[in-house]
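Shown here: start.cif, mmCIF, C-alpha atoms.
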```cif
data_upload
#
loop_
_atom_site.label_atom_id
_atom_site.label_comp_id
_atom_site.auth_asym_id
_atom_site.auth_seq_id
_atom_site.Cartn_x
_atom_site.Cartn_y
_atom_site.Cartn_z
CA MET A 99 145.19 31.22 83.68
CA GLU A 100 147.40 31.92 80.64
CA ASN A 101 144.70 30.67 78.24
CA SER A 102 142.16 32.94 79.95
CA SER A 103 144.39 36.00 79.50
CA THR A 104 144.98 35.07 75.86
CA ASP A 105 141.24 34.78 75.25
CA ILE A 106 140.60 38.23 76.77
CA LEU A 107 143.29 39.82 74.60
CA ALA A 108 141.88 38.10 71.54
CA GLN A 109 138.38 39.38 72.33
CA PHE A 110 139.77 42.91 72.84
CA ARG A 111 141.55 42.82 69.45
CA HIS A 112 138.39 41.51 67.83
CA LEU A 113 136.37 44.42 69.28
CA GLN A 114 139.02 46.86 68.03
CA LEU A 115 139.03 45.42 64.52
CA SER A 116 135.24 45.29 64.28
CA GLY A 117 134.85 48.91 65.43
CA MET A 118 132.68 47.84 68.37
CA LEU A 119 135.10 49.27 70.91
CA SER A 120 135.00 52.76 69.42
CA SER A 121 131.20 52.49 69.20
CA LEU A 122 131.01 51.65 72.90
CA GLU A 123 133.23 54.62 73.75
CA GLU A 124 131.07 56.88 71.61
CA LEU A 125 127.94 55.54 73.31
CA LYS A 126 129.44 56.27 76.74
CA LYS A 127 130.25 59.80 75.59
CA GLU A 128 126.69 60.31 74.29
CA ASN A 129 125.20 59.00 77.54
CA LYS A 130 127.41 61.33 79.55
CA GLU A 131 126.35 64.31 77.39
CA LEU A 132 122.68 63.30 77.67
CA LYS A 133 122.95 63.14 81.46
CA ARG A 134 124.48 66.62 81.42
CA ILE A 135 121.65 67.99 79.26
CA ILE A 136 118.99 66.39 81.47
CA SER A 137 120.68 67.89 84.54
CA ASP A 138 120.72 71.34 82.89
CA MET A 139 117.04 71.03 81.97
CA GLN A 140 116.10 70.07 85.54
CA LEU A 141 118.07 72.99 86.96
CA LEU A 142 116.43 75.41 84.51
CA MET A 143 112.99 74.24 85.67
CA SER A 144 113.92 75.05 89.27
CA TYR A 145 114.20 78.80 88.63
CA THR A 146 111.12 80.92 89.29
CA ASN A 147 111.77 84.23 87.53
CA VAL A 148 112.84 85.20 84.03
CA GLU A 149 116.02 87.01 85.11
CA SER A 150 117.42 83.96 86.92
CA MET A 151 116.42 81.65 84.04
CA LEU A 152 118.28 83.86 81.56
CA SER A 153 121.33 84.06 83.80
CA PHE A 154 121.43 80.26 83.97
CA LEU A 155 121.00 79.88 80.20
CA ILE A 156 123.82 82.33 79.50
CA THR A 157 126.27 80.45 81.73
CA LYS A 158 125.37 77.18 80.00
CA PHE A 159 125.66 78.61 76.48
CA LEU A 160 129.22 79.62 77.36
CA ASP A 161 130.08 75.90 77.48
CA TYR A 162 128.81 75.39 73.93
CA PHE A 163 128.94 78.59 71.87
CA ILE A 164 128.95 82.38 72.05
CA PRO A 165 126.68 84.23 69.59
CA GLN A 166 127.55 87.75 68.49
CA THR A 167 124.09 88.90 69.62
CA LEU A 168 121.30 87.19 71.53
CA VAL A 169 117.97 88.90 72.19
CA PHE A 170 115.04 87.65 74.25
CA MET A 171 111.72 89.45 73.68
CA ILE A 172 108.84 88.53 76.01
CA LYS A 173 105.40 90.12 75.99
CA GLN A 174 103.75 90.48 79.39
CA PRO A 175 100.17 89.12 79.21
CA ARG A 176 98.63 91.56 81.66
CA ASN A 177 100.03 94.95 80.65
CA ASN A 178 100.98 93.95 77.09
CA LEU A 179 104.44 95.46 77.55
CA LEU A 180 107.35 93.99 75.60
CA GLN A 181 110.27 93.13 77.86
CA GLN A 182 113.63 92.81 76.12
CA TYR A 183 116.88 91.23 77.29
CA TYR A 184 119.68 92.09 74.87
CA PHE A 185 123.10 90.39 75.02
CA ARG A 186 126.25 91.06 72.99
CA ARG A 187 128.73 88.18 73.29
CA LEU A 188 126.57 87.00 76.19
CA ARG A 189 127.01 90.30 78.07
CA LYS A 190 123.82 92.21 78.80
CA THR A 191 123.42 95.65 77.24
CA ALA A 192 120.74 98.36 77.16
CA ASP A 193 120.08 97.90 73.42
CA SER A 194 116.73 96.80 72.05
CA ILE A 195 114.97 95.71 68.87
CA ASN A 196 112.12 97.68 67.32
CA GLU A 197 108.82 96.31 68.63
CA SER A 198 107.41 96.09 65.11
CA SER A 199 109.93 93.30 64.40
CA PHE A 200 108.57 91.33 67.33
CA ASP A 201 105.00 91.87 66.12
CA ALA A 202 105.86 90.66 62.61
CA LEU A 203 107.57 87.51 63.91
CA LYS A 204 104.78 86.82 66.41
CA ASP A 205 102.10 87.12 63.71
CA PHE A 206 104.06 84.78 61.43
CA PHE A 207 104.50 82.02 64.01
CA ASP A 208 100.93 82.41 65.29
CA THR A 209 99.68 81.95 61.73
CA ASN A 210 101.96 78.95 61.12
CA LYS A 211 101.89 77.46 64.61
CA ASP A 212 101.31 73.93 63.30
CA LEU A 213 104.55 74.05 61.30
CA TYR A 214 106.94 75.11 64.03
CA GLN A 215 107.82 73.87 67.51
CA SER A 216 108.05 76.01 70.62
CA GLY A 217 111.72 76.42 71.45
CA GLY A 218 112.83 75.13 68.06
CA ALA A 219 115.41 77.18 66.14
CA VAL A 220 114.33 78.37 62.68
CA SER A 221 116.74 79.79 60.12
CA PHE A 222 115.75 83.39 59.43
CA LYS A 223 116.84 83.01 55.78
CA SER A 224 114.34 80.16 55.35
CA ILE A 225 111.37 82.36 56.33
CA GLU A 226 112.54 85.87 55.38
CA ASN A 227 110.76 85.82 52.00
CA ASP A 228 107.45 84.97 53.70
CA PHE A 229 107.27 88.48 55.15
CA PRO A 230 106.01 91.53 53.24
CA ALA A 231 108.49 94.20 52.21
CA GLY A 232 109.25 96.58 55.05
CA ALA A 233 108.24 94.13 57.78
CA PHE A 234 111.68 94.61 59.36
CA ASN A 235 113.55 97.90 59.61
CA GLU A 236 117.16 98.48 58.63
CA ASP A 237 118.45 98.02 62.20
CA PHE A 238 116.98 94.53 62.34
CA HIS A 239 118.56 93.54 59.02
CA ASN A 240 121.90 95.02 60.12
CA LEU A 241 121.72 92.71 63.11
CA ARG A 242 122.01 89.85 60.60
CA PRO A 243 119.79 87.39 62.47
CA ASN A 244 120.70 83.76 61.95
CA LEU A 245 118.18 81.88 64.08
CA ILE A 246 114.69 82.76 65.30
CA ILE A 247 113.24 80.78 68.22
CA PRO A 248 109.50 81.17 68.93
CA LEU A 249 108.27 80.72 72.51
CA MET A 250 104.71 79.45 72.36
CA GLY A 251 102.06 79.02 75.03
CA ILE A 252 98.39 78.20 75.27
CA GLY A 253 97.43 81.64 73.93
CA GLY A 254 99.96 81.60 71.09
CA VAL A 255 103.41 83.13 70.73
CA TYR A 256 104.40 85.25 73.72
CA GLY A 257 108.14 85.42 73.16
CA ILE A 258 110.76 85.53 70.41
CA VAL A 259 114.48 84.79 70.68
CA VAL A 260 116.81 86.21 68.03
CA MET A 261 120.29 84.73 67.69
CA THR A 262 123.04 85.86 65.31
CA ASP A 263 126.19 84.05 64.10
CA LYS A 264 128.76 82.67 66.50
CA ILE A 265 131.72 84.91 67.24
CA VAL A 266 134.08 82.18 65.97
CA GLY A 267 132.15 81.93 62.71
CA GLY A 268 130.77 78.78 61.11
CA GLU A 269 127.31 77.26 61.30
CA TYR A 270 125.78 75.99 64.50
CA THR A 271 126.49 72.27 64.81
CA GLU A 272 123.85 69.57 65.14
CA ASN A 273 124.77 69.11 68.82
CA GLU A 274 124.50 72.86 69.47
CA LEU A 275 121.11 73.06 67.76
CA ASP A 276 119.92 70.02 69.71
CA TYR A 277 121.03 71.58 73.00
CA MET A 278 119.29 74.85 72.08
CA GLN A 279 116.04 73.09 71.24
CA ARG A 280 115.98 71.13 74.48
CA MET A 281 116.81 74.14 76.66
CA PHE A 282 114.52 76.61 74.88
CA SER A 283 111.59 74.17 74.98
CA ILE A 284 111.95 73.99 78.77
CA PHE A 285 112.56 77.75 78.96
CA ALA A 286 109.30 78.39 77.05
CA ILE A 287 107.31 76.34 79.57
CA THR A 288 108.94 77.76 82.69
CA VAL A 289 108.60 81.36 81.49
CA GLN A 290 104.93 80.90 80.66
CA ASN A 291 104.32 79.37 84.09
CA GLU A 292 106.00 82.39 85.65
CA LEU A 293 103.93 84.81 83.53
CA HIS A 294 100.72 83.03 84.50
CA TYR A 295 101.71 83.20 88.15
CA GLU A 296 102.48 86.92 87.85
CA THR A 297 99.09 87.42 86.22
CA SER A 298 97.36 85.66 89.10
CA ILE A 299 98.97 87.92 91.73
CA THR A 300 98.69 91.28 89.95
CA ASP A 301 95.86 93.75 89.59
CA PRO A 302 94.60 93.88 85.96
CA LYS A 303 94.10 97.65 85.93
CA THR A 304 97.39 98.82 87.44
CA GLY A 305 99.77 95.86 87.24
CA LEU A 306 100.43 96.16 90.98
CA PHE A 307 100.22 93.20 93.34
CA THR A 308 96.89 91.99 94.70
CA TYR A 309 95.60 92.10 98.27
CA ASP A 310 96.06 88.33 98.75
CA TYR A 311 99.68 88.43 97.62
CA PHE A 312 100.36 91.44 99.84
CA VAL A 313 98.95 89.61 102.87
CA LYS A 314 101.29 86.70 102.12
CA ARG A 315 104.29 89.03 102.01
CA ILE A 316 103.26 90.66 105.31
CA GLN A 317 103.06 87.22 106.92
CA GLU A 318 106.59 86.48 105.69
CA LYS A 319 107.89 89.75 107.16
CA ILE A 320 106.24 89.08 110.52
CA ALA A 321 107.90 85.64 110.62
CA SER A 322 111.25 87.16 109.62
CA ALA A 323 110.97 89.81 112.33
CA ARG A 324 110.42 87.11 114.96
CA ARG A 325 113.16 84.84 113.70
CA HIS A 326 115.84 87.30 112.65
CA ASN A 327 114.75 90.58 114.24
CA THR A 328 114.48 92.22 110.80
CA LYS A 329 112.82 95.63 110.46
CA SER A 330 110.05 96.16 107.91
CA ALA A 331 107.15 98.57 107.60
CA MET A 332 103.84 99.12 105.85
CA LEU A 333 102.30 102.21 104.27
CA MET A 334 98.64 102.56 103.37
CA LEU A 335 97.65 105.25 100.85
CA ASP A 336 94.37 106.77 99.70
CA ILE A 337 94.00 109.09 96.72
CA ASP A 338 92.50 112.32 98.05
CA HIS A 339 89.04 113.10 96.62
CA PHE A 340 89.37 110.41 93.97
CA LYS A 341 85.61 110.45 93.35
CA ASN A 342 85.95 114.01 92.05
CA PHE A 343 88.09 112.83 89.13
CA ASN A 344 85.43 110.38 88.03
CA ASP A 345 82.59 112.86 88.53
CA ALA A 346 84.29 115.77 86.74
CA TYR A 347 86.11 113.97 83.91
CA GLY A 348 84.67 110.46 83.71
CA HIS A 349 85.94 107.04 84.64
CA LEU A 350 88.60 107.01 81.91
CA ALA A 351 90.25 109.97 83.63
CA GLY A 352 90.04 108.08 86.91
CA ASP A 353 91.80 105.13 85.26
CA LYS A 354 94.56 107.47 84.06
CA VAL A 355 95.05 108.70 87.61
CA LEU A 356 95.31 105.12 88.89
CA ALA A 357 97.84 104.23 86.20
CA ALA A 358 99.95 107.38 86.82
CA LEU A 359 99.94 106.83 90.57
CA SER A 360 100.89 103.17 90.20
CA LYS A 361 103.83 104.07 87.99
CA ALA A 362 104.99 106.76 90.42
CA LEU A 363 104.85 104.38 93.38
CA GLN A 364 106.83 101.68 91.55
CA GLN A 365 109.49 104.20 90.53
CA THR A 366 109.80 105.64 94.03
CA VAL A 367 110.30 102.42 96.02
CA ARG A 368 113.02 99.78 95.72
CA GLU A 369 112.78 96.55 93.76
CA GLU A 370 112.60 94.48 96.94
CA ASP A 371 109.60 96.47 98.21
CA CYS A 372 106.05 95.45 97.37
CA VAL A 373 103.37 97.81 96.02
CA ALA A 374 99.78 96.58 95.99
CA ARG A 375 96.35 97.88 95.11
CA PHE A 376 93.71 96.92 97.63
CA GLY A 377 90.83 98.14 95.47
CA GLY A 378 89.32 101.45 94.42
CA GLU A 379 91.72 104.25 95.32
CA GLU A 380 93.46 102.40 98.17
CA PHE A 381 97.08 101.25 97.84
CA SER A 382 99.63 99.69 100.18
CA ILE A 383 103.40 99.44 100.23
CA LEU A 384 105.55 96.92 102.09
CA LEU A 385 108.97 98.40 102.85
CA SER A 386 111.65 95.78 103.41
CA GLU A 387 114.61 96.51 105.68
CA CYS A 388 113.15 99.77 106.95
CA GLU A 389 114.28 101.28 110.25
CA PRO A 390 111.72 103.19 112.39
CA ASP A 391 113.57 106.48 111.88
CA SER A 392 113.40 106.05 108.10
CA LEU A 393 109.68 105.34 107.78
CA PHE A 394 108.43 108.92 107.96
CA PRO A 395 111.03 110.31 105.48
CA VAL A 396 110.25 107.48 103.05
CA SER A 397 106.52 108.15 103.38
CA GLU A 398 107.07 111.85 102.71
CA ARG A 399 109.24 111.11 99.68
CA ILE A 400 106.42 109.01 98.24
CA ARG A 401 103.80 111.66 99.03
CA LEU A 402 105.82 114.38 97.31
CA ALA A 403 106.50 112.16 94.29
CA VAL A 404 102.75 111.67 93.85
CA ALA A 405 102.12 115.40 94.21
CA GLY A 406 104.61 116.00 91.41
CA ILE A 407 102.78 113.83 88.86
CA GLU A 408 102.13 115.73 85.62
CA LEU A 409 98.75 114.61 84.27
CA TYR A 410 96.32 116.55 82.12
CA GLU A 411 92.70 115.95 81.15
CA LYS A 412 90.75 118.15 78.74
CA GLY A 413 93.52 120.73 78.86
CA GLN A 414 93.52 120.97 82.64
CA LYS A 415 96.24 119.71 84.98
CA LEU A 416 94.94 117.22 87.49
CA ARG A 417 96.13 117.74 91.05
CA ILE A 418 96.83 114.33 92.55
CA THR A 419 97.62 114.01 96.24
CA VAL A 420 97.52 111.13 98.70
CA SER A 421 96.99 110.66 102.40
CA ILE A 422 99.35 108.12 103.96
CA GLY A 423 99.33 106.09 107.13
CA GLY A 424 102.22 103.88 108.17
CA CYS A 425 103.42 101.54 110.88
CA MET A 426 106.30 99.22 111.65
CA ILE A 427 105.80 95.47 111.41
CA GLU A 428 106.02 94.16 114.97
CA ALA A 429 107.56 90.85 116.00
CA GLN A 430 105.48 90.14 119.10
CA GLU A 431 103.64 86.87 119.42
CA GLY A 432 100.03 87.11 118.35
CA VAL A 433 100.63 89.88 115.80
CA THR A 434 98.88 89.09 112.51
CA PRO A 435 98.51 90.95 109.19
CA LYS A 436 95.16 92.23 110.48
CA HIS A 437 96.93 93.94 113.39
CA ILE A 438 99.35 95.59 110.99
CA PHE A 439 96.57 96.70 108.63
CA ARG A 440 94.54 98.09 111.51
CA ARG A 441 97.43 100.24 112.73
CA ALA A 442 98.25 101.55 109.26
CA ASP A 443 94.56 102.25 108.66
CA GLN A 444 94.27 104.19 111.94
CA ALA A 445 97.22 106.35 110.92
CA LEU A 446 95.69 106.84 107.46
CA TYR A 447 92.37 107.83 109.02
CA PHE A 448 94.20 110.42 111.11
CA SER A 449 95.84 111.89 107.98
CA LYS A 450 92.53 112.08 106.15
CA GLY A 451 90.81 113.65 109.12
CA ASN A 452 93.44 116.34 109.50
CA GLY A 453 93.53 117.98 106.11
CA ARG A 454 94.69 115.12 103.82
CA ASN A 455 97.88 115.22 101.68
CA ARG A 456 100.03 114.28 104.66
CA SER A 457 101.83 111.36 106.31
CA THR A 458 101.07 109.91 109.72
CA ILE A 459 103.08 107.19 111.45
CA PHE A 460 101.47 104.99 114.10
CA SER A 461 103.40 104.10 117.24
CA VAL A 462 102.42 102.62 120.60
CA GLY A 463 103.19 104.88 123.56
CA LEU A 464 103.00 104.41 127.33
CA LEU A 465 100.01 102.55 128.72
CA GLY A 466 99.17 101.27 125.24
CA ARG A 467 97.94 104.66 124.00
CA ALA A 468 98.52 105.50 120.33
CA ARG A 469 100.74 108.45 119.64
CA MET A 470 100.45 110.03 116.21
CA GLU A 471 103.33 111.87 114.59
CA LEU A 472 101.85 114.35 112.19
CA GLN A 473 103.38 116.67 109.69
CA ARG A 474 101.27 119.00 107.62
CA GLY A 475 101.83 118.74 103.88
CA ASP A 476 102.89 121.78 101.92
#
```

Please go through the file and, once you have read it, give me the structure as structure tokens.
Amino acid sequence: MENSSTDILAQFRHLQLSGMLSSLEELKKENKELKRIISDMQLLMSYTNVESMLSFLITKFLDYFIPQTLVFMIKQPRNNLLQQYYFRRLRKTADSINESSFDALKDFFDTNKDLYQSGGAVSFKSIENDFPAGAFNEDFHNLRPNLIIPLMGIGGVYGIVVMTDKIVGGEYTENELDYMQRMFSIFAITVQNELHYETSITDPKTGLFTYDYFVKRIQEKIASARRHNTKSAMLMLDIDHFKNFNDAYGHLAGDKVLAALSKALQQTVREEDCVARFGGEEFSILLSECEPDSLFPVSERIRLAVAGIELYEKGQKLRITVSIGGCMIEAQEGVTPKHIFRRADQALYFSKGNGRNRSTIFSVGLLGRARMELQRGD
């Protein structure tokens, strides 16, 4: 027993002297760090919208480093709008970078896509001289960008990440750069998947949700009403005399009306509500957490917001009004989205048949007869 203990101690001293023991400890540390990175990557892949992905990334960066400024710029494929998420010391602000800077960086990485990796950090100093004079304005240079991270997809670069120096100073370490590359490579894939999904469920002309997606949301609200007794409602809208816009001013004017109306609807409802275009001049809105007494006032607020749209064509102001029909989403067994649509459509038909530019709410009265609550628009 004594000889055995002596042998073990001798082996331990031999490992110490040879450096093998410290190598084993370092290997254990590396394996532990790798497991942590893999876990972070898996968690990042589980998020389904850009906001939640960014929130997760920010919390993880806090464990490694804090940049003075971090900016995510993502171009939406359908409406071509540039969405920016600007952070100072990992706190979100309302600041933004000039869009021309994004365009210059996107063109550069699209042109040199074979030389750079999606999610890989590139030193701005190493590529700055490859841009023509004036490619970046003074504000961008004052930002003092350190690293540029391109986010690439099938169609090319769709996003750019700009990162400045760390608040503690010093260069980013090899481990920090490695962590960035791993996380941003996953981020690039998950964001593109989300953008493709958004494209598949949105109308190309207005950016609103599609009929199929709206039906899915209605089904969810019906199930929620049965299970949790939640209150939701639906509004169906038609642009009054929409054909007249096309006939008098052309289809481009009609497209302007659709775009202006879509923007007004999105600005009038809450983020948790769902605005969809069913086709032509017909739109629908799903109102989450809406009490019966609130439905008519909400409908009227939307109607008046549309009537207040300022839109001109050939020097003339276009008068845009809508007829609206609404109904609550019932929880009874057997109720389907078709039942809900039929009730909203009946209320809409009543509005259109009684002067237009008004709201009508459908409700079921005694003996199953429909009672319409009508208010004439101003």

Please list, as a PDB file with C-alpha atoms, in the coordinates of the input, the residues that have an atom at most 12 Å away from (93.8, 85.2, 96.7) in the coordinates of this file, counting all atoms listed in the file.
```pdb
ATOM      1  CA  TYR A 295     101.710  83.200  88.150  1.00  0.00           C
ATOM      2  CA  THR A 297      99.090  87.420  86.220  1.00  0.00           C
ATOM      3  CA  SER A 298      97.360  85.660  89.100  1.00  0.00           C
ATOM      4  CA  ILE A 299      98.970  87.920  91.730  1.00  0.00           C
ATOM      5  CA  THR A 300      98.690  91.280  89.950  1.00  0.00           C
ATOM      6  CA  ASP A 301      95.860  93.750  89.590  1.00  0.00           C
ATOM      7  CA  PHE A 307     100.220  93.200  93.340  1.00  0.00           C
ATOM      8  CA  THR A 308      96.890  91.990  94.700  1.00  0.00           C
ATOM      9  CA  TYR A 309      95.600  92.100  98.270  1.00  0.00           C
ATOM     10  CA  ASP A 310      96.060  88.330  98.750  1.00  0.00           C
ATOM     11  CA  TYR A 311      99.680  88.430  97.620  1.00  0.00           C
ATOM     12  CA  PHE A 312     100.360  91.440  99.840  1.00  0.00           C
ATOM     13  CA  VAL A 313      98.950  89.610 102.870  1.00  0.00           C
ATOM     14  CA  LYS A 314     101.290  86.700 102.120  1.00  0.00           C
ATOM     15  CA  PHE A 376      93.710  96.920  97.630  1.00  0.00           C
TER      16      PHE A 376
END
```

Applying 12 Å and only C-alpha atoms, which residues near Leu384 (chain A) remain after dropping the ones on its own chain fewer than 4 positions away? List them as a ChimeraX atom specification.
/A:307,309,311-320,329-335,363-364,367-375,388,393,396-397,424-427,435,438-439,442

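With CA of Met278 (chain A) on one side and CA of Asp212 (chain A) on the other, the separation reads 20.0 Å.
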
Using all atoms listed in the file for the distances, tell me which of A:Gln279, A:Ser198, A:Thr304, A:Asn455 is nearest to Ile337 (chain A).
A:Asn455

Please evaluate the PyMOL selection byres ((chain A and resi 250-261) around 9) against the displayed coordinates and give the resulting residues as number ranges by chain.
A: 165-175, 180, 200, 203-205, 207-208, 211, 215-217, 219, 242-249, 262-264, 286-287, 290

Could you list the residues chosen by the PyMOL selection byres ((chain A and resi 410) around 12) in this structure as a short mmCIF file (atom, residue, chain, number, x, y, z; two decimals) with C-alpha atoms, in the coordinates of the input?
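Below is the file selection.cif, written as the result:
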```cif
data_model
loop_
_atom_site.label_atom_id
_atom_site.label_comp_id
_atom_site.auth_asym_id
_atom_site.auth_seq_id
_atom_site.Cartn_x
_atom_site.Cartn_y
_atom_site.Cartn_z
CA PHE A 343 88.09 112.83 89.13
CA TYR A 347 86.11 113.97 83.91
CA ALA A 351 90.25 109.97 83.63
CA GLY A 352 90.04 108.08 86.91
CA LYS A 354 94.56 107.47 84.06
CA VAL A 355 95.05 108.70 87.61
CA ALA A 358 99.95 107.38 86.82
CA ILE A 407 102.78 113.83 88.86
CA GLU A 408 102.13 115.73 85.62
CA LEU A 409 98.75 114.61 84.27
CA GLU A 411 92.70 115.95 81.15
CA LYS A 412 90.75 118.15 78.74
CA GLY A 413 93.52 120.73 78.86
CA GLN A 414 93.52 120.97 82.64
CA LYS A 415 96.24 119.71 84.98
CA LEU A 416 94.94 117.22 87.49
CA ARG A 417 96.13 117.74 91.05
CA ILE A 418 96.83 114.33 92.55
#
```

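Residue neighbourhood of region 190-196 of chain A, excluding near-sequence residues (fewer than 2 positions): Val169, Met171, Gln182, Tyr183, Tyr184, Phe185, Arg186, Arg187, Leu188, Ser198, Ser199, Phe200, Phe234, Asn235, Asp237 and Phe238 of chain A, at 9 Å, using only C-alpha atoms.
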
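Pairwise distance (CA of His326 (chain A), CA of Thr434 (chain A)) equals 17.1 Å.
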
List the residues matched by the PyMOL selection byres ((chain A and resi 145) around 12) in the displayed structure as a PyMOL selection string, ordered by chain and then by residue number.
chain A and resi 138-144+146-155+284-285+287-289+291-292

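If you look at CA of His349 (chain A) and CA of Glu380 (chain A), they are 16.2 Å away from each other.
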
Counting only C-alpha atoms, what is within 10 Å of Val420 (chain A), bar same-chain residues fewer than 4 positions away, as a tab-separated table (two decimals) with C-alpha atoms, keeping the file's coordinate frame?
```tsv
chain	number	residue	atom	x	y	z
A	334	MET	CA	98.64	102.56	103.37
A	335	LEU	CA	97.65	105.25	100.85
A	336	ASP	CA	94.37	106.77	99.70
A	337	ILE	CA	94.00	109.09	96.72
A	338	ASP	CA	92.50	112.32	98.05
A	339	HIS	CA	89.04	113.10	96.62
A	340	PHE	CA	89.37	110.41	93.97
A	359	LEU	CA	99.94	106.83	90.57
A	379	GLU	CA	91.72	104.25	95.32
A	380	GLU	CA	93.46	102.40	98.17
A	381	PHE	CA	97.08	101.25	97.84
A	400	ILE	CA	106.42	109.01	98.24
A	401	ARG	CA	103.80	111.66	99.03
A	402	LEU	CA	105.82	114.38	97.31
A	404	VAL	CA	102.75	111.67	93.85
A	405	ALA	CA	102.12	115.40	94.21
A	446	LEU	CA	95.69	106.84	107.46
A	449	SER	CA	95.84	111.89	107.98
A	450	LYS	CA	92.53	112.08	106.15
A	454	ARG	CA	94.69	115.12	103.82
A	455	ASN	CA	97.88	115.22	101.68
A	456	ARG	CA	100.03	114.28	104.66
A	457	SER	CA	101.83	111.36	106.31
```
